[in-house]
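The structure file data.cif is reproduced below (mmCIF, C-alpha atoms).
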```cif
data_coords
#
loop_
_atom_site.group_PDB
_atom_site.id
_atom_site.type_symbol
_atom_site.label_atom_id
_atom_site.label_comp_id
_atom_site.auth_asym_id
_atom_site.auth_seq_id
_atom_site.Cartn_x
_atom_site.Cartn_y
_atom_site.Cartn_z
ATOM 1 C CA MET A 1189 0.000 0.000 0.000
ATOM 2 C CA ASP A 1190 1.436 3.395 -0.976
ATOM 3 C CA ASP A 1191 2.104 6.226 1.461
ATOM 4 C CA ASP A 1192 -0.911 8.254 0.368
ATOM 5 C CA LEU A 1193 -3.216 5.350 0.987
ATOM 6 C CA GLN A 1194 -1.667 4.768 4.400
ATOM 7 C CA LYS A 1195 -2.199 8.427 5.291
ATOM 8 C CA PHE A 1196 -5.762 8.185 4.134
ATOM 9 C CA GLU A 1197 -6.244 5.028 6.197
ATOM 10 C CA ALA A 1198 -4.948 6.907 9.254
ATOM 11 C CA GLU A 1199 -7.427 9.720 8.565
ATOM 12 C CA LEU A 1200 -10.282 7.242 8.526
ATOM 13 C CA LYS A 1201 -9.095 5.578 11.728
ATOM 14 C CA ALA A 1202 -9.247 8.939 13.452
ATOM 15 C CA LEU A 1203 -13.015 9.074 12.930
ATOM 16 C CA ARG A 1204 -14.857 7.817 16.000
ATOM 17 C CA PRO A 1205 -17.983 5.717 15.399
ATOM 18 C CA ALA A 1206 -21.152 7.372 16.701
ATOM 19 C CA VAL A 1207 -22.027 6.387 20.243
ATOM 20 C CA PRO A 1208 -25.163 4.279 20.768
ATOM 21 C CA SER A 1209 -28.309 6.130 21.784
ATOM 22 C CA ARG A 1210 -29.455 6.645 25.366
ATOM 23 C CA GLU A 1211 -32.373 4.359 24.602
ATOM 24 C CA LEU A 1212 -30.004 1.487 23.841
ATOM 25 C CA MET A 1213 -27.979 2.098 27.003
ATOM 26 C CA GLY A 1214 -31.192 2.270 29.018
ATOM 27 C CA ALA A 1215 -32.467 -0.966 27.527
ATOM 28 C CA LEU A 1216 -29.163 -2.711 28.306
ATOM 29 C CA GLU A 1217 -29.229 -1.361 31.834
ATOM 30 C CA ARG A 1218 -32.729 -2.728 32.396
ATOM 31 C CA ARG A 1219 -31.948 -6.117 30.925
ATOM 32 C CA LEU A 1220 -28.581 -6.519 32.654
ATOM 33 C CA ALA A 1221 -29.789 -5.336 36.042
ATOM 34 C CA PRO A 1222 -29.426 -7.997 38.758
ATOM 35 C CA ARG A 1223 -32.534 -10.134 38.779
ATOM 36 C CA ARG A 1224 -34.786 -10.410 41.777
ATOM 37 C CA MET A 1225 -35.427 -13.916 42.927
ATOM 38 C CA GLY A 1226 -38.839 -14.950 44.199
ATOM 39 C CA GLY A 1227 -39.626 -17.038 47.260
ATOM 40 C CA LEU A 1228 -39.485 -20.276 45.296
ATOM 41 C CA PHE A 1229 -35.802 -19.707 44.596
ATOM 42 C CA TRP A 1230 -34.957 -19.582 48.306
ATOM 43 C CA LEU A 1231 -37.122 -22.596 49.012
ATOM 44 C CA GLY A 1232 -35.204 -24.477 46.359
ATOM 45 C CA LEU A 1233 -31.791 -23.736 47.832
ATOM 46 C CA PRO A 1234 -31.837 -26.380 50.605
ATOM 47 C CA ALA A 1235 -32.944 -28.991 48.089
ATOM 48 C CA ALA A 1236 -30.145 -28.010 45.701
ATOM 49 C CA ALA A 1237 -27.588 -28.136 48.522
ATOM 50 C CA ALA A 1238 -28.781 -31.596 49.535
ATOM 51 C CA ALA A 1239 -28.528 -32.805 45.930
ATOM 52 C CA CYS A 1240 -24.966 -31.477 45.668
ATOM 53 C CA LEU A 1241 -24.002 -33.207 48.895
ATOM 54 C CA LEU A 1242 -25.402 -36.500 47.639
ATOM 55 C CA LEU A 1243 -23.449 -36.151 44.412
ATOM 56 C CA VAL A 1244 -20.211 -35.425 46.282
ATOM 57 C CA LEU A 1245 -20.699 -38.433 48.565
ATOM 58 C CA HIS A 1246 -21.560 -40.673 45.647
ATOM 59 C CA PHE A 1247 -18.617 -39.669 43.472
ATOM 60 C CA ARG A 1248 -15.901 -39.475 46.137
ATOM 61 C CA PRO A 1249 -12.425 -39.610 44.596
ATOM 62 C CA GLU A 1250 -10.430 -42.805 45.009
ATOM 63 C CA PRO A 1251 -7.556 -42.814 47.480
ATOM 64 C CA ALA A 1252 -4.340 -41.538 45.932
ATOM 65 C CA ALA A 1253 -2.648 -44.943 46.151
ATOM 66 C CA ASN A 1254 -5.250 -46.542 43.878
ATOM 67 C CA ARG A 1255 -5.176 -43.782 41.347
ATOM 68 C CA GLN A 1256 -3.748 -44.519 37.898
ATOM 69 C CA PRO A 1257 -1.700 -41.906 36.042
ATOM 70 C CA PRO A 1258 -4.050 -39.878 33.871
ATOM 71 C CA ALA A 1259 -4.321 -41.430 30.438
ATOM 72 C CA THR A 1260 -5.170 -38.095 28.849
ATOM 73 C CA ALA A 1261 -1.968 -36.305 29.798
ATOM 74 C CA SER A 1262 -0.345 -36.718 26.398
ATOM 75 C CA MET A 1263 -3.603 -35.916 24.617
ATOM 76 C CA THR A 1264 -3.863 -32.627 26.489
ATOM 77 C CA GLU A 1265 -0.481 -31.542 25.238
ATOM 78 C CA THR A 1266 -1.484 -32.142 21.655
ATOM 79 C CA ALA A 1267 -5.042 -30.878 21.998
ATOM 80 C CA PRO A 1268 -6.088 -28.580 19.159
ATOM 81 C CA ALA A 1269 -6.092 -24.852 19.933
ATOM 82 C CA LEU A 1270 -9.821 -24.479 19.530
ATOM 83 C CA LYS A 1271 -11.283 -21.017 19.770
ATOM 84 C CA PRO A 1272 -14.962 -20.132 19.978
ATOM 85 C CA VAL A 1273 -16.031 -18.683 16.629
ATOM 86 C CA ALA A 1274 -19.820 -18.663 16.858
ATOM 87 C CA ALA A 1275 -22.431 -18.808 19.547
ATOM 88 C CA ASP A 1276 -26.140 -18.986 18.815
ATOM 89 C CA ASP A 1277 -29.185 -19.512 20.900
ATOM 90 C CA VAL A 1278 -32.519 -20.525 19.471
ATOM 91 C CA LEU A 1279 -35.703 -19.895 21.399
ATOM 92 C CA VAL A 1280 -37.856 -23.015 21.101
ATOM 93 C CA ASP A 1281 -40.605 -22.392 23.622
ATOM 94 C CA THR A 1282 -41.999 -19.662 25.871
ATOM 95 C CA GLN A 1283 -44.436 -20.221 28.711
ATOM 96 C CA ASP A 1284 -46.125 -17.528 30.722
ATOM 97 C CA GLU A 1285 -46.470 -18.996 34.206
ATOM 98 C CA GLY A 1286 -48.602 -16.157 35.492
ATOM 99 C CA PHE A 1287 -48.230 -14.065 38.598
ATOM 100 C CA VAL A 1288 -46.175 -14.998 41.655
ATOM 101 C CA THR A 1289 -45.657 -13.247 44.983
ATOM 102 C CA LEU A 1290 -42.075 -12.312 45.802
ATOM 103 C CA ALA A 1291 -40.492 -12.545 49.245
ATOM 104 C CA ASP A 1292 -41.252 -8.897 49.940
ATOM 105 C CA GLY A 1293 -44.913 -9.344 49.077
ATOM 106 C CA THR A 1294 -44.815 -7.640 45.684
ATOM 107 C CA GLN A 1295 -46.345 -9.227 42.625
ATOM 108 C CA ALA A 1296 -44.270 -10.433 39.704
ATOM 109 C CA ARG A 1297 -44.831 -12.225 36.460
ATOM 110 C CA ARG A 1298 -42.859 -15.378 35.795
ATOM 111 C CA THR A 1299 -42.006 -16.597 32.299
ATOM 112 C CA ARG A 1300 -40.074 -19.685 31.356
ATOM 113 C CA GLN A 1301 -38.162 -19.783 28.064
ATOM 114 C CA SER A 1302 -36.515 -22.831 26.560
ATOM 115 C CA PHE A 1303 -33.456 -22.329 24.375
ATOM 116 C CA VAL A 1304 -30.991 -24.493 22.527
ATOM 117 C CA ASP A 1305 -27.538 -22.927 22.819
ATOM 118 C CA THR A 1306 -24.996 -23.890 20.201
ATOM 119 C CA ILE A 1307 -21.356 -22.936 20.456
ATOM 120 C CA THR A 1308 -18.846 -23.641 17.715
ATOM 121 C CA TRP A 1309 -15.127 -23.844 18.315
ATOM 122 C CA GLU A 1310 -12.569 -23.962 15.530
ATOM 123 C CA ASP A 1311 -8.859 -24.532 15.334
ATOM 124 C CA PRO A 1312 -7.582 -21.772 13.007
ATOM 125 C CA ALA A 1313 -4.582 -23.872 12.004
ATOM 126 C CA THR A 1314 -6.397 -27.017 10.922
ATOM 127 C CA HIS A 1315 -9.982 -25.725 10.609
ATOM 128 C CA ALA A 1316 -11.077 -28.651 12.758
ATOM 129 C CA SER A 1317 -14.292 -27.625 14.445
ATOM 130 C CA LEU A 1318 -16.385 -28.729 17.352
ATOM 131 C CA ARG A 1319 -20.051 -27.862 17.791
ATOM 132 C CA TRP A 1320 -21.744 -28.167 21.137
ATOM 133 C CA SER A 1321 -25.490 -27.811 21.616
ATOM 134 C CA VAL A 1322 -27.190 -27.828 24.954
ATOM 135 C CA PRO A 1323 -30.766 -27.143 26.035
ATOM 136 C CA ARG A 1324 -31.251 -24.343 28.523
ATOM 137 C CA GLU A 1325 -34.184 -22.973 30.466
ATOM 138 C CA GLU A 1326 -34.390 -19.378 31.526
ATOM 139 C CA VAL A 1327 -36.889 -18.258 34.151
ATOM 140 C CA ASN A 1328 -37.565 -14.541 34.311
ATOM 141 C CA VAL A 1329 -39.355 -12.985 37.246
ATOM 142 C CA LEU A 1330 -40.347 -9.427 36.438
ATOM 143 C CA PRO A 1331 -41.937 -7.254 39.102
ATOM 144 C CA VAL A 1332 -45.250 -5.782 37.970
ATOM 145 C CA ASN A 1333 -47.059 -2.662 39.016
ATOM 146 C CA PHE A 1334 -50.848 -2.537 38.909
ATOM 147 C CA GLN A 1335 -51.186 1.236 39.287
ATOM 148 C CA MET B 1272 -8.844 -34.480 26.373
ATOM 149 C CA THR B 1273 -8.799 -30.772 26.885
ATOM 150 C CA LEU B 1274 -10.926 -28.929 24.375
ATOM 151 C CA ARG B 1275 -10.666 -25.467 25.826
ATOM 152 C CA GLY B 1276 -9.207 -22.825 23.576
ATOM 153 C CA LYS B 1277 -6.558 -20.494 24.887
ATOM 154 C CA THR B 1278 -8.275 -18.302 27.415
ATOM 155 C CA THR B 1279 -7.813 -14.604 26.883
ATOM 156 C CA PRO B 1280 -9.267 -11.684 28.790
ATOM 157 C CA LEU B 1281 -12.553 -10.121 27.863
ATOM 158 C CA ALA B 1282 -11.101 -7.657 25.396
ATOM 159 C CA ARG B 1283 -7.978 -7.574 23.332
ATOM 160 C CA MET B 1284 -4.881 -7.427 25.470
ATOM 161 C CA ASP B 1285 -3.620 -4.144 24.106
ATOM 162 C CA ASP B 1286 -6.660 -2.052 24.874
ATOM 163 C CA ALA B 1287 -8.590 -3.964 27.491
ATOM 164 C CA PRO B 1288 -10.237 -1.838 30.154
ATOM 165 C CA ASN B 1289 -9.368 -2.913 33.677
ATOM 166 C CA ASP B 1290 -12.896 -2.639 34.951
ATOM 167 C CA ASP B 1291 -15.045 -5.715 34.417
ATOM 168 C CA SER B 1292 -18.394 -3.920 34.292
ATOM 169 C CA TRP B 1293 -20.504 -4.107 31.170
ATOM 170 C CA LYS B 1294 -20.904 -0.346 31.008
ATOM 171 C CA ASN B 1295 -17.188 0.328 30.685
ATOM 172 C CA TRP B 1296 -16.849 -2.420 28.137
ATOM 173 C CA PHE B 1297 -19.822 -1.258 26.133
ATOM 174 C CA GLN B 1298 -18.844 2.389 26.207
ATOM 175 C CA ARG B 1299 -15.548 1.401 24.684
ATOM 176 C CA TYR B 1300 -16.668 -1.172 22.145
ATOM 177 C CA GLY B 1301 -20.364 -0.366 21.642
ATOM 178 C CA PRO B 1302 -19.781 2.300 18.988
ATOM 179 C CA ARG B 1303 -17.659 -0.108 16.920
ATOM 180 C CA LEU B 1304 -20.282 -2.827 17.208
ATOM 181 C CA LEU B 1305 -23.014 -0.409 16.219
ATOM 182 C CA LEU B 1306 -21.096 0.864 13.216
ATOM 183 C CA CYS B 1307 -20.643 -2.698 11.956
ATOM 184 C CA ALA B 1308 -24.262 -3.567 12.712
ATOM 185 C CA ARG B 1309 -25.334 -0.622 10.586
ATOM 186 C CA GLN B 1310 -23.586 -2.152 7.596
ATOM 187 C CA TRP B 1311 -25.897 -5.154 7.860
ATOM 188 C CA THR B 1312 -29.215 -3.584 8.829
ATOM 189 C CA ARG B 1313 -31.664 -1.240 7.176
ATOM 190 C CA SER B 1314 -31.942 1.345 9.897
ATOM 191 C CA LEU B 1315 -30.253 2.679 12.997
ATOM 192 C CA ALA B 1316 -33.110 1.337 15.126
ATOM 193 C CA ASP B 1317 -32.658 -2.161 13.685
ATOM 194 C CA ALA B 1318 -28.907 -1.955 14.268
ATOM 195 C CA GLU B 1319 -29.403 -0.963 17.900
ATOM 196 C CA ASP B 1320 -31.881 -3.806 18.452
ATOM 197 C CA VAL B 1321 -29.473 -6.315 16.975
ATOM 198 C CA VAL B 1322 -26.551 -4.995 19.034
ATOM 199 C CA GLN B 1323 -28.663 -5.061 22.167
ATOM 200 C CA ASP B 1324 -29.689 -8.691 21.777
ATOM 201 C CA ALA B 1325 -26.223 -9.872 20.804
ATOM 202 C CA PHE B 1326 -24.564 -8.006 23.646
ATOM 203 C CA ILE B 1327 -27.014 -9.286 26.274
ATOM 204 C CA ARG B 1328 -26.443 -12.816 25.047
ATOM 205 C CA PHE B 1329 -22.696 -12.362 25.048
ATOM 206 C CA TRP B 1330 -22.512 -10.746 28.464
ATOM 207 C CA ARG B 1331 -24.728 -13.291 30.194
ATOM 208 C CA ARG B 1332 -23.509 -16.473 28.666
ATOM 209 C CA GLN B 1333 -20.602 -16.187 26.260
ATOM 210 C CA ARG B 1334 -17.961 -13.968 27.801
ATOM 211 C CA GLY B 1335 -16.504 -16.867 29.767
ATOM 212 C CA LEU B 1336 -15.841 -18.866 26.605
ATOM 213 C CA GLY B 1337 -12.382 -17.454 26.040
ATOM 214 C CA GLY B 1338 -11.019 -16.325 22.705
ATOM 215 C CA GLU B 1339 -11.410 -12.853 21.255
ATOM 216 C CA PRO B 1340 -14.757 -11.353 22.248
ATOM 217 C CA LEU B 1341 -15.041 -8.796 19.456
ATOM 218 C CA PRO B 1342 -15.111 -11.278 16.530
ATOM 219 C CA LEU B 1343 -17.506 -13.481 18.486
ATOM 220 C CA LEU B 1344 -19.851 -10.589 19.111
ATOM 221 C CA LEU B 1345 -19.622 -9.437 15.507
ATOM 222 C CA THR B 1346 -20.541 -12.925 14.295
ATOM 223 C CA SER B 1347 -23.522 -12.876 16.588
ATOM 224 C CA ILE B 1348 -24.563 -9.415 15.388
ATOM 225 C CA ARG B 1349 -24.194 -10.324 11.735
ATOM 226 C CA ARG B 1350 -26.299 -13.450 12.077
ATOM 227 C CA ALA B 1351 -28.953 -11.604 14.035
ATOM 228 C CA ALA B 1352 -28.971 -8.860 11.408
ATOM 229 C CA PHE B 1353 -29.469 -11.375 8.603
ATOM 230 C CA ASP B 1354 -32.243 -13.146 10.525
ATOM 231 C CA ARG B 1355 -33.897 -9.816 11.016
ATOM 232 C CA ALA B 1356 -33.503 -8.936 7.336
ATOM 233 C CA ARG B 1357 -35.192 -12.191 6.362
ATOM 234 C CA ARG B 1358 -38.081 -11.430 8.699
ATOM 235 C CA GLU B 1359 -38.289 -7.911 7.347
ATOM 236 C CA GLN B 1360 -38.528 -9.151 3.781
ATOM 237 C CA ARG B 1361 -41.677 -10.954 4.718
ATOM 238 C CA ARG B 1362 -43.196 -7.759 6.043
ATOM 239 C CA ALA B 1363 -44.093 -4.572 4.269
ATOM 240 C CA ALA B 1364 -41.151 -2.464 3.151
ATOM 241 C CA ARG B 1365 -40.082 0.023 5.778
ATOM 242 C CA GLU B 1366 -38.806 2.768 3.574
ATOM 243 C CA GLN B 1367 -39.166 5.481 6.172
ATOM 244 C CA GLU B 1368 -36.929 3.643 8.597
ATOM 245 C CA THR B 1369 -34.349 3.152 5.899
ATOM 246 C CA GLU B 1370 -34.271 6.855 5.215
ATOM 247 C CA ALA B 1371 -33.989 7.638 8.926
ATOM 248 C CA GLY B 1372 -31.129 5.175 9.280
ATOM 249 C CA GLU B 1373 -29.273 6.675 6.379
ATOM 250 C CA SER B 1374 -29.543 10.182 7.718
ATOM 251 C CA ALA B 1375 -28.233 9.352 11.183
ATOM 252 C CA PRO B 1376 -24.481 10.034 11.342
ATOM 253 C CA LEU B 1377 -22.120 7.083 11.347
ATOM 254 C CA PHE B 1378 -19.384 8.967 13.207
ATOM 255 C CA GLU B 1379 -19.087 11.501 15.971
ATOM 256 C CA PRO B 1380 -18.997 15.064 14.638
ATOM 257 C CA LEU B 1381 -15.569 16.651 14.430
ATOM 258 C CA ALA B 1382 -14.935 19.827 16.394
ATOM 259 C CA VAL B 1383 -13.116 21.323 13.417
ATOM 260 C CA GLY B 1384 -13.789 20.571 9.777
ATOM 261 C CA ASP B 1385 -16.902 18.476 10.254
ATOM 262 C CA GLU B 1386 -17.734 18.805 6.572
ATOM 263 C CA ARG B 1387 -14.897 16.360 5.904
ATOM 264 C CA ARG B 1388 -16.515 13.812 8.175
ATOM 265 C CA MET B 1389 -19.776 14.269 6.283
ATOM 266 C CA ALA B 1390 -17.974 13.846 2.981
ATOM 267 C CA VAL B 1391 -16.422 10.592 4.185
ATOM 268 C CA GLU B 1392 -19.810 9.326 5.362
ATOM 269 C CA ALA B 1393 -21.437 10.193 2.063
ATOM 270 C CA ALA B 1394 -18.661 8.444 0.151
ATOM 271 C CA LEU B 1395 -18.861 5.435 2.446
ATOM 272 C CA ARG B 1396 -22.580 5.060 1.843
ATOM 273 C CA ARG B 1397 -21.970 4.982 -1.884
ATOM 274 C CA LEU B 1398 -19.515 2.092 -1.627
ATOM 275 C CA PRO B 1399 -20.739 -1.401 -2.475
ATOM 276 C CA ALA B 1400 -21.963 -3.114 0.711
ATOM 277 C CA GLU B 1401 -19.353 -5.861 0.416
ATOM 278 C CA GLN B 1402 -16.545 -3.301 0.461
ATOM 279 C CA ARG B 1403 -18.124 -1.165 3.162
ATOM 280 C CA GLU B 1404 -18.456 -4.030 5.614
ATOM 281 C CA VAL B 1405 -14.806 -5.014 5.159
ATOM 282 C CA LEU B 1406 -13.752 -1.420 5.727
ATOM 283 C CA ALA B 1407 -15.804 -1.155 8.926
ATOM 284 C CA LEU B 1408 -14.449 -4.417 10.296
ATOM 285 C CA LYS B 1409 -10.856 -3.551 9.438
ATOM 286 C CA ILE B 1410 -10.617 0.123 10.302
ATOM 287 C CA TRP B 1411 -13.016 0.605 13.168
ATOM 288 C CA SER B 1412 -13.029 -2.873 14.724
ATOM 289 C CA ASN B 1413 -9.323 -3.639 14.149
ATOM 290 C CA LEU B 1414 -9.970 -7.144 12.880
ATOM 291 C CA THR B 1415 -7.281 -8.921 10.874
ATOM 292 C CA PHE B 1416 -8.008 -10.003 7.298
ATOM 293 C CA GLU B 1417 -8.101 -13.564 8.543
ATOM 294 C CA GLU B 1418 -10.731 -12.657 11.137
ATOM 295 C CA ILE B 1419 -12.707 -10.683 8.566
ATOM 296 C CA GLY B 1420 -12.587 -13.670 6.224
ATOM 297 C CA GLY B 1421 -13.971 -15.822 9.025
ATOM 298 C CA GLN B 1422 -16.744 -13.337 9.730
ATOM 299 C CA LEU B 1423 -17.840 -12.912 6.128
ATOM 300 C CA GLU B 1424 -17.056 -16.451 4.979
ATOM 301 C CA ILE B 1425 -14.597 -15.271 2.348
ATOM 302 C CA SER B 1426 -10.861 -15.849 2.009
ATOM 303 C CA PRO B 1427 -8.433 -13.445 3.730
ATOM 304 C CA ASN B 1428 -7.130 -12.500 0.275
ATOM 305 C CA THR B 1429 -10.597 -11.545 -0.886
ATOM 306 C CA ALA B 1430 -11.069 -9.488 2.260
ATOM 307 C CA ALA B 1431 -7.779 -7.713 1.635
ATOM 308 C CA SER B 1432 -8.697 -7.024 -1.996
ATOM 309 C CA ARG B 1433 -12.058 -5.571 -1.057
ATOM 310 C CA TYR B 1434 -10.370 -3.423 1.541
ATOM 311 C CA ARG B 1435 -7.898 -2.020 -0.946
ATOM 312 C CA TYR B 1436 -10.634 -1.376 -3.515
ATOM 313 C CA ALA B 1437 -12.708 0.384 -0.874
ATOM 314 C CA LEU B 1438 -9.839 2.595 0.255
ATOM 315 C CA ALA B 1439 -8.917 3.467 -3.304
ATOM 316 C CA ALA B 1440 -12.525 4.248 -4.217
ATOM 317 C CA LEU B 1441 -12.968 6.466 -1.181
ATOM 318 C CA ARG B 1442 -9.741 8.310 -1.775
ATOM 319 C CA LYS B 1443 -10.695 8.877 -5.382
ATOM 320 C CA GLU B 1444 -14.039 10.295 -4.428
ATOM 321 C CA LEU B 1445 -12.841 12.566 -1.660
ATOM 322 C CA THR B 1446 -10.981 15.741 -2.310
ATOM 323 C CA PRO B 1447 -7.173 15.693 -2.407
ATOM 324 C CA ASP B 1448 -7.186 18.134 0.517
ATOM 325 C CA PHE B 1449 -8.656 15.496 2.744
ATOM 326 C CA CYS B 1450 -6.324 12.778 1.587
ATOM 327 C CA HIS B 1451 -3.267 14.785 2.400
ATOM 328 C CA GLY B 1452 -4.524 16.188 5.662
#
```

Taking this structure as input, can you express it in the form of structure tokens?
Amino acid sequence: MDDDLQKFEAELKALRPAVPSRELMGALERRLAPRRMGGLFWLGLPAAAAACLLLVLHFRPEPAANRQPPATASMTETAPALKPVAADDVLVDTQDEGFVTLADGTQARRTRQSFVDTITWEDPATHASLRWSVPREEVNVLPVNFQ
Amino acid sequence: MTLRGKTTPLARMDDAPNDDSWKNWFQRYGPRLLLCARQWTRSLADAEDVVQDAFIRFWRRQRGLGGEPLPLLLTSIRRAAFDRARREQRRAAREQETEAGESAPLFEPLAVGDERRMAVEAALRRLPAEQREVLALKIWSNLTFEEIGGQLEISPNTAASRYRYALAALRKELTPDFCHG
């Protein structure tokens, strides 16, 4: 590329893309605000803790003396340098579960959305790729105001 | 077998903000994302919607994946923009929105010599879309030709050619005064 073109390129780089509108920032702020959890969430915590404890007890690691050297050690060294190149989520179902009462007595609307998340990794050197899809449920509890 | 890619911080190493909050990150990278989104959407409002959805998705679920976040986000934005375009085609044409999107400035006004900025914008809008998108990804998002090729599903050489054509076409259209500062 000649000098003139490089100077011109530098001129273009000096231009700053227009900042997003206040509306966009406001929308992001609302959607990324910490979510309030309803009473059901706190009721579910002891059950989740008990389930975790059961899992830990069930899958206790073997004593060190019985442990074999990891067979995957050499594979790890030669593992492809995969990088995430695409991530999609597809909404497959939405259910409005109606109104619920939060811990502080306020009313909220609960919706349950089912997604399939797909993430694709690729090794830039070999173009080997790995695609991973997993179902996911998202429960949103949005406070409502009846004024 | 370890399938994790090399983990890198949230933004590129050379210009990563120290603060982990989404606002700092978005204030820094949001304008670049929006500029690219506008190359793939019909209006500013559509571009902002697409950026919003892609960013929410990224921030909630994808930022822990490792790798470079900007190309990942741009892929997400581009796909969302194309999905939206397909939906739009099935609806009535939204000519008014298109006009509004075209009139909204692509860049921040310059304190001195803003007419040059307007001239660049006008020239940019006249470029073929395939050249314009490469220019936006290269100049204002700092992607490599290899990354641009990955984004647009073209070879790095094709990306580089389009970039050179775009630069040459812009320079030809703009006054010599601008080109030489």

Give as a PDB file with C-alpha atoms, keeping the file's coordinate frame the residues that the PyMOL selection byres ((chain A) within 9 of (chain B)) matches when applied to the coordinates above.
```pdb
ATOM      1  CA  MET A1189       0.000   0.000   0.000  1.00  0.00           C
ATOM      2  CA  ASP A1192      -0.911   8.254   0.368  1.00  0.00           C
ATOM      3  CA  LEU A1193      -3.216   5.350   0.987  1.00  0.00           C
ATOM      4  CA  LYS A1195      -2.199   8.427   5.291  1.00  0.00           C
ATOM      5  CA  PHE A1196      -5.762   8.185   4.134  1.00  0.00           C
ATOM      6  CA  GLU A1197      -6.244   5.028   6.197  1.00  0.00           C
ATOM      7  CA  ALA A1198      -4.948   6.907   9.254  1.00  0.00           C
ATOM      8  CA  GLU A1199      -7.427   9.720   8.565  1.00  0.00           C
ATOM      9  CA  LEU A1200     -10.282   7.242   8.526  1.00  0.00           C
ATOM     10  CA  LYS A1201      -9.095   5.578  11.728  1.00  0.00           C
ATOM     11  CA  LEU A1203     -13.015   9.074  12.930  1.00  0.00           C
ATOM     12  CA  ARG A1204     -14.857   7.817  16.000  1.00  0.00           C
ATOM     13  CA  PRO A1205     -17.983   5.717  15.399  1.00  0.00           C
ATOM     14  CA  ALA A1206     -21.152   7.372  16.701  1.00  0.00           C
ATOM     15  CA  VAL A1207     -22.027   6.387  20.243  1.00  0.00           C
ATOM     16  CA  PRO A1208     -25.163   4.279  20.768  1.00  0.00           C
ATOM     17  CA  SER A1209     -28.309   6.130  21.784  1.00  0.00           C
ATOM     18  CA  LEU A1212     -30.004   1.487  23.841  1.00  0.00           C
ATOM     19  CA  MET A1213     -27.979   2.098  27.003  1.00  0.00           C
ATOM     20  CA  ALA A1215     -32.467  -0.966  27.527  1.00  0.00           C
ATOM     21  CA  LEU A1216     -29.163  -2.711  28.306  1.00  0.00           C
ATOM     22  CA  GLU A1217     -29.229  -1.361  31.834  1.00  0.00           C
ATOM     23  CA  ARG A1219     -31.948  -6.117  30.925  1.00  0.00           C
ATOM     24  CA  LEU A1220     -28.581  -6.519  32.654  1.00  0.00           C
ATOM     25  CA  THR A1260      -5.170 -38.095  28.849  1.00  0.00           C
ATOM     26  CA  ALA A1261      -1.968 -36.305  29.798  1.00  0.00           C
ATOM     27  CA  SER A1262      -0.345 -36.718  26.398  1.00  0.00           C
ATOM     28  CA  MET A1263      -3.603 -35.916  24.617  1.00  0.00           C
ATOM     29  CA  THR A1264      -3.863 -32.627  26.489  1.00  0.00           C
ATOM     30  CA  GLU A1265      -0.481 -31.542  25.238  1.00  0.00           C
ATOM     31  CA  ALA A1267      -5.042 -30.878  21.998  1.00  0.00           C
ATOM     32  CA  PRO A1268      -6.088 -28.580  19.159  1.00  0.00           C
ATOM     33  CA  ALA A1269      -6.092 -24.852  19.933  1.00  0.00           C
ATOM     34  CA  LEU A1270      -9.821 -24.479  19.530  1.00  0.00           C
ATOM     35  CA  LYS A1271     -11.283 -21.017  19.770  1.00  0.00           C
ATOM     36  CA  PRO A1272     -14.962 -20.132  19.978  1.00  0.00           C
ATOM     37  CA  VAL A1273     -16.031 -18.683  16.629  1.00  0.00           C
ATOM     38  CA  ALA A1274     -19.820 -18.663  16.858  1.00  0.00           C
ATOM     39  CA  ALA A1275     -22.431 -18.808  19.547  1.00  0.00           C
ATOM     40  CA  ASP A1276     -26.140 -18.986  18.815  1.00  0.00           C
ATOM     41  CA  ASP A1277     -29.185 -19.512  20.900  1.00  0.00           C
ATOM     42  CA  ILE A1307     -21.356 -22.936  20.456  1.00  0.00           C
ATOM     43  CA  TRP A1309     -15.127 -23.844  18.315  1.00  0.00           C
ATOM     44  CA  GLU A1310     -12.569 -23.962  15.530  1.00  0.00           C
ATOM     45  CA  ASP A1311      -8.859 -24.532  15.334  1.00  0.00           C
ATOM     46  CA  LEU A1318     -16.385 -28.729  17.352  1.00  0.00           C
TER      47      LEU A1318
END
```

To one decimal in Å, tell me the separation between CA of Leu1423 (chain B) and CA of Glu1404 (chain B).
8.9 Å

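Residues captured in this structure file are Glu1373, Ser1374, Pro1376, Leu1377, Arg1387, Arg1388, Met1389, Ala1390, Val1391, Glu1392, Ala1394, Leu1395, Arg1396, Arg1397, Leu1398, Leu1441, Glu1444 and Leu1445 of chain B, according to the PyMOL selection byres ((chain B and resi 1393) around 10).
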
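The interatomic distance for the pair CA of Leu1341 (chain B) and CA of Asn1428 (chain B) works out to 21.1 Å.
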
Could you tell me how far CA of Asp1354 (chain B) lies from CA of Val1280 (chain A), in Å and to one decimal?
15.5 Å

Translate the PyMOL selection byres ((chain A and resi 1285) around 10) into a concrete residue list for this structure, as a list in words.
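Against this file, the PyMOL selection byres ((chain A and resi 1285) around 10) returns the residues Thr1282, Gln1283, Asp1284, Gly1286, Phe1287, Val1288, Arg1297, Arg1298, Thr1299, Arg1300, Val1327, Asn1328 and Val1329 of chain A.
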
Selection near Phe1416 (chain B), 7 Å with all atoms listed in the file, sequence-local residues under 5 positions removed, as an NGL selection string
:B and (1427 or 1430-1431)

Selection file, C-alpha atoms, as a CSV table (one decimal), in the frame of the given file:
```
chain,number,residue,atom,x,y,z
B,1427,PRO,CA,-8.4,-13.4,3.7
B,1430,ALA,CA,-11.1,-9.5,2.3
B,1431,ALA,CA,-7.8,-7.7,1.6
```

Within 6 Å of (-43.8, -7.9, 37.9), only C-alpha atoms: residues as a PDB file with C-alpha atoms, in the frame of the given file?
```pdb
ATOM      1  CA  GLN A1295     -46.345  -9.227  42.625  1.00  0.00           C
ATOM      2  CA  ALA A1296     -44.270 -10.433  39.704  1.00  0.00           C
ATOM      3  CA  ARG A1297     -44.831 -12.225  36.460  1.00  0.00           C
ATOM      4  CA  LEU A1330     -40.347  -9.427  36.438  1.00  0.00           C
ATOM      5  CA  PRO A1331     -41.937  -7.254  39.102  1.00  0.00           C
ATOM      6  CA  VAL A1332     -45.250  -5.782  37.970  1.00  0.00           C
TER       7      VAL A1332
END
```
